[in-house]
Structures are given as C-alpha cells and as structure tokens.
Amino acid sequence: MNRLPKHWRRPGLFIPALLAAALLTLAVAGPLLAPDDPDAGSLRERLLPPGSPGHLLGTDSQGRDVLSRLLVAAGPSLLGGFLPVAVATAAGAVLGIAAGLGGRFTEHALLRTLDVLYAFPGVLLAITVATVMEPGLYATVVSLSVVLTPAVTRVAFTEVRRIRTAEYLEAARVCGAGATTVALRQVVPVLAPVLLVYSSSLVGLAIVYAAGLSFLGLGVAPPAAEWGAMLDELRPALLTHPAVAVLPAVTILVVSVVFNTLGEALRRGTGAGHSLLTGAGR
C-alpha cells in the first residue's frame with residue numbers, strides 16, 4: 001500500500017475503491033461462484049427464507065436459489081451501469097470540446113439542443129427512450145446514455161471554457177496547430193481527470209436507473225438474472241416473504257452507495273472536482 005499515491009492511501013478513498021474492485025470481480029466471476037444453477041427451480045422449495053439448508057439467501061417464487069441469481073445478475077446489472085457512463089463520457093467530452101472551442105454559434109446550437117433533453121426528468125427520459133426500443137441491455141445502454149450525456153457535456157464545456165483563453169492554447173494556435181490537434185494535445189489531458197472523477201460519481205446512479213428499467217420490463221427481461229428484474233419477480237411476495245423479496249433492492253442500494261462514495265472520495269482526494277457542476281447528474 002505504501003507504493004500507492006498519497007491520496008489513494010486515505011481510508012476514505014481506499015476502502016470504497018477496494019469494495020468497488022471486489023464488486024467488479026464478482027461481476028466477472030459470479031457465474032463461477034454461484035453455488036447452484038441460477039435458472040433451476042423447484043416448486044417444492046418456493047420462497048424459502050434466508051438461512052434455509054442449501055440456500056443461504058433463500059429461494060424465489062420459482063424455487064431458484066437467490067444467492068446464485070444475485071451473483072450471476074451482477075454482470076448484466078453492473079454492465080448496465082458502466083456502459084452508459086462510458087458512452088456518455090465519450091460523447092459528452094466530444095460535445096463539450098466542440099461547444100467550448102467551436103465559436104459562439106456552435107456553442108449555442110449544441111448547448112440549447114442538449115438543454116431540451118436536460119429539461120426532462122432523467123427517469124422519464126430514460127423510460128421514454130427505452131419504450132420505443134426492444135427490451136434488453138441495448139435499450140438500457142442507449143436510453144441511459146441519452147440521459148447522462150447532457151450532464152457530462154455541461155461539465156466538459158465548463159472546463160473547456162475555463163481554459164480556452166489560456167496562453168498555452170494561444171501559443172499552440174500561433175504555431176499552426178489545427179483545432180483537432182489543439183483539442184487532442186492541449187485540452188483532452190486537462191479535461192480527462194475532471195471527466196473521469198465526475199463520471200465515476202454517475203455509475204451508482206446509472207446502476208439504479210438500469211435496475212429501474214428492468215423492473216418496469218424495459219431493460220434486461222426475465223428469465224435472465226438481473227437485479228431490477230429479480231425485484232420485479234419477487235414483488236408479489238413482498239408482504240408474505242419480505243426477507244427474500246427485499247434482497248435485490250438491498251443489493252442495488254449497497255452497490256450504488258459504494259460507487260457514489262467512491263466518486264465523492266475521488267472528487268475530494270484527487271483535487272479534480274473543482275470544476276464539477278453540482279447536481280448535474282439529475
């Protein structure tokens with residue numbers, strides 16, 4: 001640990017980073033760690049409570065092992081959170097740089113267009129986009145990318161606007177560097193840390209949104225294991241078997257808190273968060 005950068009050795013950053021790494025490991029190794037077949041059910045073992053013999057976290061309404069399904073569902077659930085953030089970060093960086101360096105007309109055209117999307121509540125916009133698509137992971141990624149891109153673009157534009165009159169950018173232009181060269185060599189290295197820190201704070205939100213879409217039948221659909229879809233399947237048992245029914249919700253909550261804490265710790269620990277817009281993630 002002593003070889004890590006100083007800010008990584010702080011417990012407030014190291015602990016959530018370690019937990020996030022463990023969750024990502026579970027997402028990859030979940031199918032290998034699952035004690036039972038996640039799709040094999042038994043009507044004789046329906047809705048067993050946690051701690052039942054052979055089923056540590058009980059079984060669902062079809063007699064399937066809940067622990068196995070939670071582990072297998074970690075892959076698509078986390079993927080549904082990470083992929084939209086990655087797409088939105090890339091798109092937001094391009095749009096933010098274009099708005100910041102492209103002149104007044106380009107700036108107003110891009111930002112006013114994105115403001116139209118930003119005016120909609122995030123959940124409503126995600127549902128609207130996902131509704132016109134075939135349910136699945138692709139619909140989740142596209143709809144959440146549309147929701148997150150305006151916020152990332154605002155952060156990118158704010159940072160580019162802060163540095164666009166800097167002397168080193170003017171020097172690069174005087175030396176004959178084109179707009180693309182200036183963007184790639186001068187702007188991107190400054191912008192990247194800010195966007196990485198901000199984007200890390202969006203992962204927890206994206207995971208919750210992705211689970212919500214699956215809960216509504218617009219994301220990953222049964223019988224595939226996904227935390228939101230599992231929550232929907234167990235919803236009828238909430239009053240009769242709450243100990244089993246709330247497990248997917250608790251999992252979503254814990255995972256989102258871990259990634260939100262990591263994002264906040266990165267913002268404070270790296271010093272790259274001074275340009276972030278508060279409340280941009282909706």
# chains A, B, ... in the order shown; residues from 1 in each chain; ligands from 1
call {"tool": "residues_around", "arguments": {"residues": "region 32-40 of chain A", "least_positions_apart": "6", "cutoff": "7 Å", "atoms": "only C-alpha atoms", "output": "compact mmCIF listing (two decimals) with C-alpha atoms, in the first residue's frame"}}
result
# COMPACT_ATOMS: atom_id res chain seq x y z
CA ARG A 64 -34.47 -20.75 -7.65
CA ASP A 65 -31.51 -20.04 -5.38
CA SER A 68 -26.86 -17.77 -7.21
CA ARG A 69 -29.12 -15.41 -9.11
CA LEU A 71 -24.18 -13.39 -8.22
CA VAL A 72 -24.99 -14.13 -11.86
call {"tool": "residues_around", "arguments": {"residues": "region 171-176 of chain A", "least_positions_apart": "4", "cutoff": "10 Å", "atoms": "only C-alpha atoms", "output": "list of chain:residue names"}}
result
A:Ala166, A:Glu167, A:Thr181, A:Val182, A:Arg185, A:Gln186
call {"tool": "residues_around", "arguments": {"residues": "region 151-159 of chain A", "least_positions_apart": "2", "cutoff": "10 Å", "atoms": "only C-alpha atoms", "output": "PDB file with N, CA and C atoms, in the first residue's frame"}}
result
ATOM      1  N   VAL A  85     -22.394   5.075 -18.792  1.00  0.00           N
ATOM      2  CA  VAL A  85     -21.490   6.118 -18.300  1.00  0.00           C
ATOM      3  C   VAL A  85     -20.304   6.281 -19.238  1.00  0.00           C
ATOM      4  N   ALA A  88     -21.631   8.012 -22.404  1.00  0.00           N
ATOM      5  CA  ALA A  88     -21.944   9.411 -22.114  1.00  0.00           C
ATOM      6  C   ALA A  88     -20.680  10.232 -21.894  1.00  0.00           C
ATOM      7  N   THR A  89     -19.658   9.636 -21.276  1.00  0.00           N
ATOM      8  CA  THR A  89     -18.401  10.353 -21.057  1.00  0.00           C
ATOM      9  C   THR A  89     -17.721  10.678 -22.376  1.00  0.00           C
ATOM     10  N   ALA A  90     -17.663   9.692 -23.270  1.00  0.00           N
ATOM     11  CA  ALA A  90     -17.040   9.927 -24.574  1.00  0.00           C
ATOM     12  C   ALA A  90     -17.831  10.955 -25.381  1.00  0.00           C
ATOM     13  N   ALA A  91     -19.153  10.791 -25.428  1.00  0.00           N
ATOM     14  CA  ALA A  91     -19.981  11.729 -26.195  1.00  0.00           C
ATOM     15  C   ALA A  91     -19.960  13.119 -25.574  1.00  0.00           C
ATOM     16  N   GLY A  92     -20.028  13.174 -24.251  1.00  0.00           N
ATOM     17  CA  GLY A  92     -20.019  14.464 -23.577  1.00  0.00           C
ATOM     18  C   GLY A  92     -18.708  15.204 -23.745  1.00  0.00           C
ATOM     19  N   ALA A  93     -17.599  14.466 -23.773  1.00  0.00           N
ATOM     20  CA  ALA A  93     -16.296  15.096 -23.984  1.00  0.00           C
ATOM     21  C   ALA A  93     -16.216  15.722 -25.372  1.00  0.00           C
ATOM     22  N   VAL A  94     -16.653  14.970 -26.378  1.00  0.00           N
ATOM     23  CA  VAL A  94     -16.616  15.485 -27.756  1.00  0.00           C
ATOM     24  C   VAL A  94     -17.503  16.714 -27.893  1.00  0.00           C
ATOM     25  N   LEU A  95     -18.732  16.631 -27.379  1.00  0.00           N
ATOM     26  CA  LEU A  95     -19.671  17.751 -27.496  1.00  0.00           C
ATOM     27  C   LEU A  95     -19.206  18.954 -26.675  1.00  0.00           C
ATOM     28  N   GLY A  96     -18.667  18.709 -25.493  1.00  0.00           N
ATOM     29  CA  GLY A  96     -18.193  19.805 -24.657  1.00  0.00           C
ATOM     30  C   GLY A  96     -17.007  20.533 -25.275  1.00  0.00           C
ATOM     31  N   ILE A  97     -16.090  19.782 -25.866  1.00  0.00           N
ATOM     32  CA  ILE A  97     -14.949  20.405 -26.538  1.00  0.00           C
ATOM     33  C   ILE A  97     -15.414  21.182 -27.762  1.00  0.00           C
ATOM     34  N   ALA A  98     -16.333  20.587 -28.537  1.00  0.00           N
ATOM     35  CA  ALA A  98     -16.844  21.274 -29.720  1.00  0.00           C
ATOM     36  C   ALA A  98     -17.551  22.575 -29.340  1.00  0.00           C
ATOM     37  N   ALA A  99     -18.343  22.539 -28.254  1.00  0.00           N
ATOM     38  CA  ALA A  99     -19.035  23.745 -27.820  1.00  0.00           C
ATOM     39  C   ALA A  99     -18.069  24.789 -27.275  1.00  0.00           C
ATOM     40  N   GLY A 100     -17.030  24.330 -26.592  1.00  0.00           N
ATOM     41  CA  GLY A 100     -16.092  25.268 -25.982  1.00  0.00           C
ATOM     42  C   GLY A 100     -15.121  25.904 -26.951  1.00  0.00           C
ATOM     43  N   LEU A 101     -14.771  25.176 -28.018  1.00  0.00           N
ATOM     44  CA  LEU A 101     -13.769  25.684 -28.962  1.00  0.00           C
ATOM     45  C   LEU A 101     -14.356  26.057 -30.315  1.00  0.00           C
ATOM     46  N   GLU A 107     -21.471  26.790 -30.038  1.00  0.00           N
ATOM     47  CA  GLU A 107     -21.736  26.686 -28.598  1.00  0.00           C
ATOM     48  C   GLU A 107     -23.227  26.751 -28.308  1.00  0.00           C
ATOM     49  N   LEU A 110     -25.294  23.640 -29.822  1.00  0.00           N
ATOM     50  CA  LEU A 110     -25.135  22.385 -29.085  1.00  0.00           C
ATOM     51  C   LEU A 110     -25.762  22.463 -27.703  1.00  0.00           C
ATOM     52  N   LEU A 111     -25.466  23.521 -26.975  1.00  0.00           N
ATOM     53  CA  LEU A 111     -25.944  23.607 -25.600  1.00  0.00           C
ATOM     54  C   LEU A 111     -27.459  23.768 -25.521  1.00  0.00           C
ATOM     55  N   LEU A 114     -29.019  20.363 -26.200  1.00  0.00           N
ATOM     56  CA  LEU A 114     -28.898  19.477 -25.047  1.00  0.00           C
ATOM     57  C   LEU A 114     -29.765  19.943 -23.886  1.00  0.00           C
ATOM     58  N   ASP A 115     -29.998  21.248 -23.793  1.00  0.00           N
ATOM     59  CA  ASP A 115     -30.877  21.749 -22.733  1.00  0.00           C
ATOM     60  C   ASP A 115     -32.290  21.202 -22.863  1.00  0.00           C
ATOM     61  N   LEU A 117     -33.052  18.167 -23.805  1.00  0.00           N
ATOM     62  CA  LEU A 117     -33.006  16.857 -23.147  1.00  0.00           C
ATOM     63  C   LEU A 117     -32.853  17.013 -21.638  1.00  0.00           C
ATOM     64  N   TYR A 118     -32.046  17.992 -21.251  1.00  0.00           N
ATOM     65  CA  TYR A 118     -31.768  18.181 -19.824  1.00  0.00           C
ATOM     66  C   TYR A 118     -33.001  18.650 -19.067  1.00  0.00           C
ATOM     67  N   VAL A 146     -28.423   8.599 -23.347  1.00  0.00           N
ATOM     68  CA  VAL A 146     -29.132   9.841 -23.696  1.00  0.00           C
ATOM     69  C   VAL A 146     -29.382  10.680 -22.450  1.00  0.00           C
ATOM     70  N   VAL A 147     -29.688  10.042 -21.335  1.00  0.00           N
ATOM     71  CA  VAL A 147     -29.965  10.763 -20.091  1.00  0.00           C
ATOM     72  C   VAL A 147     -28.701  11.422 -19.532  1.00  0.00           C
ATOM     73  N   LEU A 148     -27.577  10.724 -19.574  1.00  0.00           N
ATOM     74  CA  LEU A 148     -26.358  11.183 -18.899  1.00  0.00           C
ATOM     75  C   LEU A 148     -25.510  12.128 -19.739  1.00  0.00           C
ATOM     76  N   THR A 149     -25.613  12.045 -21.056  1.00  0.00           N
ATOM     77  CA  THR A 149     -24.740  12.840 -21.918  1.00  0.00           C
ATOM     78  C   THR A 149     -24.874  14.352 -21.696  1.00  0.00           C
ATOM     79  N   ARG A 161     -14.288  25.953 -21.295  1.00  0.00           N
ATOM     80  CA  ARG A 161     -14.463  27.408 -21.260  1.00  0.00           C
ATOM     81  C   ARG A 161     -13.466  28.061 -20.308  1.00  0.00           C
ATOM     82  N   ARG A 162     -13.120  27.368 -19.229  1.00  0.00           N
ATOM     83  CA  ARG A 162     -12.170  27.907 -18.266  1.00  0.00           C
ATOM     84  C   ARG A 162     -10.769  28.041 -18.856  1.00  0.00           C
ATOM     85  N   ILE A 163     -10.393  27.121 -19.761  1.00  0.00           N
ATOM     86  CA  ILE A 163      -9.010  27.106 -20.257  1.00  0.00           C
ATOM     87  C   ILE A 163      -8.877  27.574 -21.696  1.00  0.00           C
ATOM     88  N   ARG A 164      -9.980  27.899 -22.372  1.00  0.00           N
ATOM     89  CA  ARG A 164      -9.876  28.145 -23.803  1.00  0.00           C
ATOM     90  C   ARG A 164      -9.115  29.419 -24.148  1.00  0.00           C
ATOM     91  N   VAL A 187      -6.269  20.142 -24.794  1.00  0.00           N
ATOM     92  CA  VAL A 187      -7.498  20.182 -24.000  1.00  0.00           C
ATOM     93  C   VAL A 187      -7.798  18.851 -23.327  1.00  0.00           C
ATOM     94  N   VAL A 188      -7.700  17.762 -24.074  1.00  0.00           N
ATOM     95  CA  VAL A 188      -8.057  16.448 -23.523  1.00  0.00           C
ATOM     96  C   VAL A 188      -7.263  16.094 -22.271  1.00  0.00           C
ATOM     97  N   VAL A 190      -6.171  17.971 -19.960  1.00  0.00           N
ATOM     98  CA  VAL A 190      -6.699  18.749 -18.837  1.00  0.00           C
ATOM     99  C   VAL A 190      -8.103  18.296 -18.479  1.00  0.00           C
ATOM    100  N   LEU A 191      -8.869  17.948 -19.480  1.00  0.00           N
ATOM    101  CA  LEU A 191     -10.266  17.586 -19.290  1.00  0.00           C
ATOM    102  C   LEU A 191     -10.449  16.182 -18.727  1.00  0.00           C
ATOM    103  N   ALA A 192      -9.562  15.268 -19.094  1.00  0.00           N
ATOM    104  CA  ALA A 192      -9.741  13.859 -18.736  1.00  0.00           C
ATOM    105  C   ALA A 192      -9.892  13.610 -17.238  1.00  0.00           C
ATOM    106  N   VAL A 194     -10.987  15.531 -14.835  1.00  0.00           N
ATOM    107  CA  VAL A 194     -12.254  16.069 -14.356  1.00  0.00           C
ATOM    108  C   VAL A 194     -13.410  15.158 -14.768  1.00  0.00           C
ATOM    109  N   LEU A 195     -13.409  14.718 -16.036  1.00  0.00           N
ATOM    110  CA  LEU A 195     -14.496  13.862 -16.510  1.00  0.00           C
ATOM    111  C   LEU A 195     -14.457  12.482 -15.862  1.00  0.00           C
ATOM    112  N   TYR A 198     -15.916  12.914 -12.377  1.00  0.00           N
ATOM    113  CA  TYR A 198     -17.362  13.144 -12.436  1.00  0.00           C
ATOM    114  C   TYR A 198     -18.098  11.886 -12.893  1.00  0.00           C
ATOM    115  N   SER A 199     -17.563  11.214 -13.904  1.00  0.00           N
ATOM    116  CA  SER A 199     -18.223  10.023 -14.434  1.00  0.00           C
ATOM    117  C   SER A 199     -18.281   8.912 -13.398  1.00  0.00           C
ATOM    118  N   LEU A 202     -21.333   8.989 -11.461  1.00  0.00           N
ATOM    119  CA  LEU A 202     -22.572   8.668 -12.169  1.00  0.00           C
ATOM    120  C   LEU A 202     -22.858   7.172 -12.219  1.00  0.00           C
ATOM    121  N   HIS A 274     -12.948  20.581  -8.708  1.00  0.00           N
ATOM    122  CA  HIS A 274     -13.300  21.975  -8.507  1.00  0.00           C
ATOM    123  C   HIS A 274     -14.175  22.522  -9.621  1.00  0.00           C
ATOM    124  N   SER A 275     -14.169  21.867 -10.789  1.00  0.00           N
ATOM    125  CA  SER A 275     -14.948  22.388 -11.910  1.00  0.00           C
ATOM    126  C   SER A 275     -16.273  21.664 -12.105  1.00  0.00           C
ATOM    127  N   LEU A 276     -16.567  20.710 -11.251  1.00  0.00           N
ATOM    128  CA  LEU A 276     -17.780  19.912 -11.446  1.00  0.00           C
ATOM    129  C   LEU A 276     -19.004  20.733 -11.099  1.00  0.00           C
ATOM    130  N   LEU A 277     -20.049  20.515 -11.868  1.00  0.00           N
ATOM    131  CA  LEU A 277     -21.309  21.201 -11.611  1.00  0.00           C
ATOM    132  C   LEU A 277     -22.120  20.412 -10.611  1.00  0.00           C
ATOM    133  N   THR A 278     -22.503  21.047  -9.525  1.00  0.00           N
ATOM    134  CA  THR A 278     -23.294  20.350  -8.527  1.00  0.00           C
ATOM    135  C   THR A 278     -24.678  20.079  -9.073  1.00  0.00           C
ATOM    136  N   GLY A 279     -25.130  18.838  -8.816  1.00  0.00           N
ATOM    137  CA  GLY A 279     -26.474  18.474  -9.246  1.00  0.00           C
ATOM    138  C   GLY A 279     -26.607  18.186 -10.719  1.00  0.00           C
ATOM    139  N   ALA A 280     -25.475  18.054 -11.467  1.00  0.00           N
ATOM    140  CA  ALA A 280     -25.597  17.836 -12.889  1.00  0.00           C
ATOM    141  C   ALA A 280     -26.067  16.458 -13.244  1.00  0.00           C
ATOM    142  N   GLY A 281     -25.956  15.511 -12.303  1.00  0.00           N
ATOM    143  CA  GLY A 281     -26.323  14.147 -12.641  1.00  0.00           C
ATOM    144  C   GLY A 281     -27.804  13.862 -12.576  1.00  0.00           C
ATOM    145  N   ARG A 282     -28.611  14.817 -12.124  1.00  0.00           N
ATOM    146  CA  ARG A 282     -30.069  14.632 -12.028  1.00  0.00           C
ATOM    147  C   ARG A 282     -30.394  13.433 -11.193  1.00  0.00           C
TER     148      ARG A 282
END
call {"tool": "closest_residue", "arguments": {"among": "A:Leu184, A:Leu43, A:Val203, A:Leu144", "to": "Leu262 (chain A)", "atoms": "only C-alpha atoms"}}
result
A:Val203
call {"tool": "closest_residue", "arguments": {"among": "A:Val258, A:Ala210, A:Leu19, A:Val250", "to": "Gly122 (chain A)", "atoms": "only C-alpha atoms"}}
result
A:Ala210
call {"tool": "atom_distance", "arguments": {"atom1": "CA of Gly51 (chain A)", "atom2": "CA of Val244 (chain A)"}}
result
10.5 Å
call {"tool": "closest_residue", "arguments": {"among": "A:Ser143, A:Thr165, A:Thr25, A:Thr180", "to": "Leu83 (chain A)", "atoms": "only C-alpha atoms"}}
result
A:Ser143
call {"tool": "select_by_dssp", "arguments": {"residues": "region 114-154 of chain A", "states": "helix (DSSP H, G or I)", "output": "VMD selection string"}}
result
chain A and resid 114 to 118 122 to 131 137 to 154
call {"tool": "write_last_selection", "arguments": {"atoms": "C-alpha atoms", "output": "CSV table (one decimal), in the first residue's frame"}}
result
chain,number,residue,atom,x,y,z
A,114,LEU,CA,-28.9,19.5,-25.0
A,115,ASP,CA,-30.9,21.7,-22.7
A,116,VAL,CA,-34.0,20.3,-24.3
A,117,LEU,CA,-33.0,16.9,-23.1
A,118,TYR,CA,-31.8,18.2,-19.8
A,122,GLY,CA,-33.9,11.7,-16.0
A,123,VAL,CA,-36.2,8.8,-15.2
A,124,LEU,CA,-38.9,10.0,-17.5
A,125,LEU,CA,-36.5,10.5,-20.4
A,126,ALA,CA,-34.9,7.0,-19.9
A,127,ILE,CA,-38.4,5.4,-19.9
A,128,THR,CA,-39.4,7.3,-23.0
A,129,VAL,CA,-36.3,6.3,-25.0
A,130,ALA,CA,-36.4,2.7,-23.8
A,131,THR,CA,-40.1,2.3,-24.6
A,137,LEU,CA,-29.3,-4.4,-22.4
A,138,TYR,CA,-29.0,-2.5,-25.6
A,139,ALA,CA,-32.1,-0.4,-24.7
A,140,THR,CA,-30.7,0.2,-21.3
A,141,VAL,CA,-27.4,1.5,-22.6
A,142,VAL,CA,-28.9,3.7,-25.3
A,143,SER,CA,-31.6,5.3,-23.0
A,144,LEU,CA,-29.2,5.9,-20.1
A,145,SER,CA,-26.6,7.3,-22.4
A,146,VAL,CA,-29.1,9.8,-23.7
A,147,VAL,CA,-30.0,10.8,-20.1
A,148,LEU,CA,-26.4,11.2,-18.9
A,149,THR,CA,-24.7,12.8,-21.9
A,150,PRO,CA,-26.1,16.4,-21.3
A,151,ALA,CA,-24.8,16.5,-17.8
A,152,VAL,CA,-21.3,15.3,-18.9
A,153,THR,CA,-21.3,17.8,-21.7
A,154,ARG,CA,-22.0,20.6,-19.3
call {"tool": "closest_residue", "arguments": {"among": "A:His55, A:Arg46, A:Pro16, A:Gly75", "to": "Val28 (chain A)", "atoms": "only C-alpha atoms"}}
result
A:Gly75
call {"tool": "closest_residue", "arguments": {"among": "A:Ala206, A:Ala237, A:Leu56, A:Val254", "to": "Val87 (chain A)", "atoms": "only C-alpha atoms"}}
result
A:Ala206
call {"tool": "closest_residue", "arguments": {"among": "A:Ala249, A:Leu24, A:Val197, A:Val257", "to": "Ala211 (chain A)", "atoms": "only C-alpha atoms"}}
result
A:Ala249
call {"tool": "atom_distance", "arguments": {"atom1": "CA of Ala27 (chain A)", "atom2": "CA of Gly58 (chain A)"}}
result
20.6 Å
call {"tool": "atom_distance", "arguments": {"atom1": "CA of Phe215 (chain A)", "atom2": "CA of Arg44 (chain A)"}}
result
26.0 Å
call {"tool": "closest_atom_pairs", "arguments": {"of": "region 22-100 of chain A", "to": "region 222-236 of chain A", "cutoff": "7 Å", "atoms": "only C-alpha atoms", "output": "JSON lines"}}
result
{"residue": "A:Asp60", "atom": "CA", "partner": "A:Leu234", "partner_atom": "CA", "distance": 6.7}
{"residue": "A:Ser61", "atom": "CA", "partner": "A:Leu234", "partner_atom": "CA", "distance": 6.6}
{"residue": "A:Arg69", "atom": "CA", "partner": "A:Ala225", "partner_atom": "CA", "distance": 5.8}
{"residue": "A:Leu70", "atom": "CA", "partner": "A:Trp227", "partner_atom": "CA", "distance": 6.8}
{"residue": "A:Val72", "atom": "CA", "partner": "A:Ala225", "partner_atom": "CA", "distance": 6.4}
{"residue": "A:Ala73", "atom": "CA", "partner": "A:Glu226", "partner_atom": "CA", "distance": 4.4}
{"residue": "A:Pro76", "atom": "CA", "partner": "A:Glu226", "partner_atom": "CA", "distance": 6.3}
{"residue": "A:Ser77", "atom": "CA", "partner": "A:Glu226", "partner_atom": "CA", "distance": 5.7}
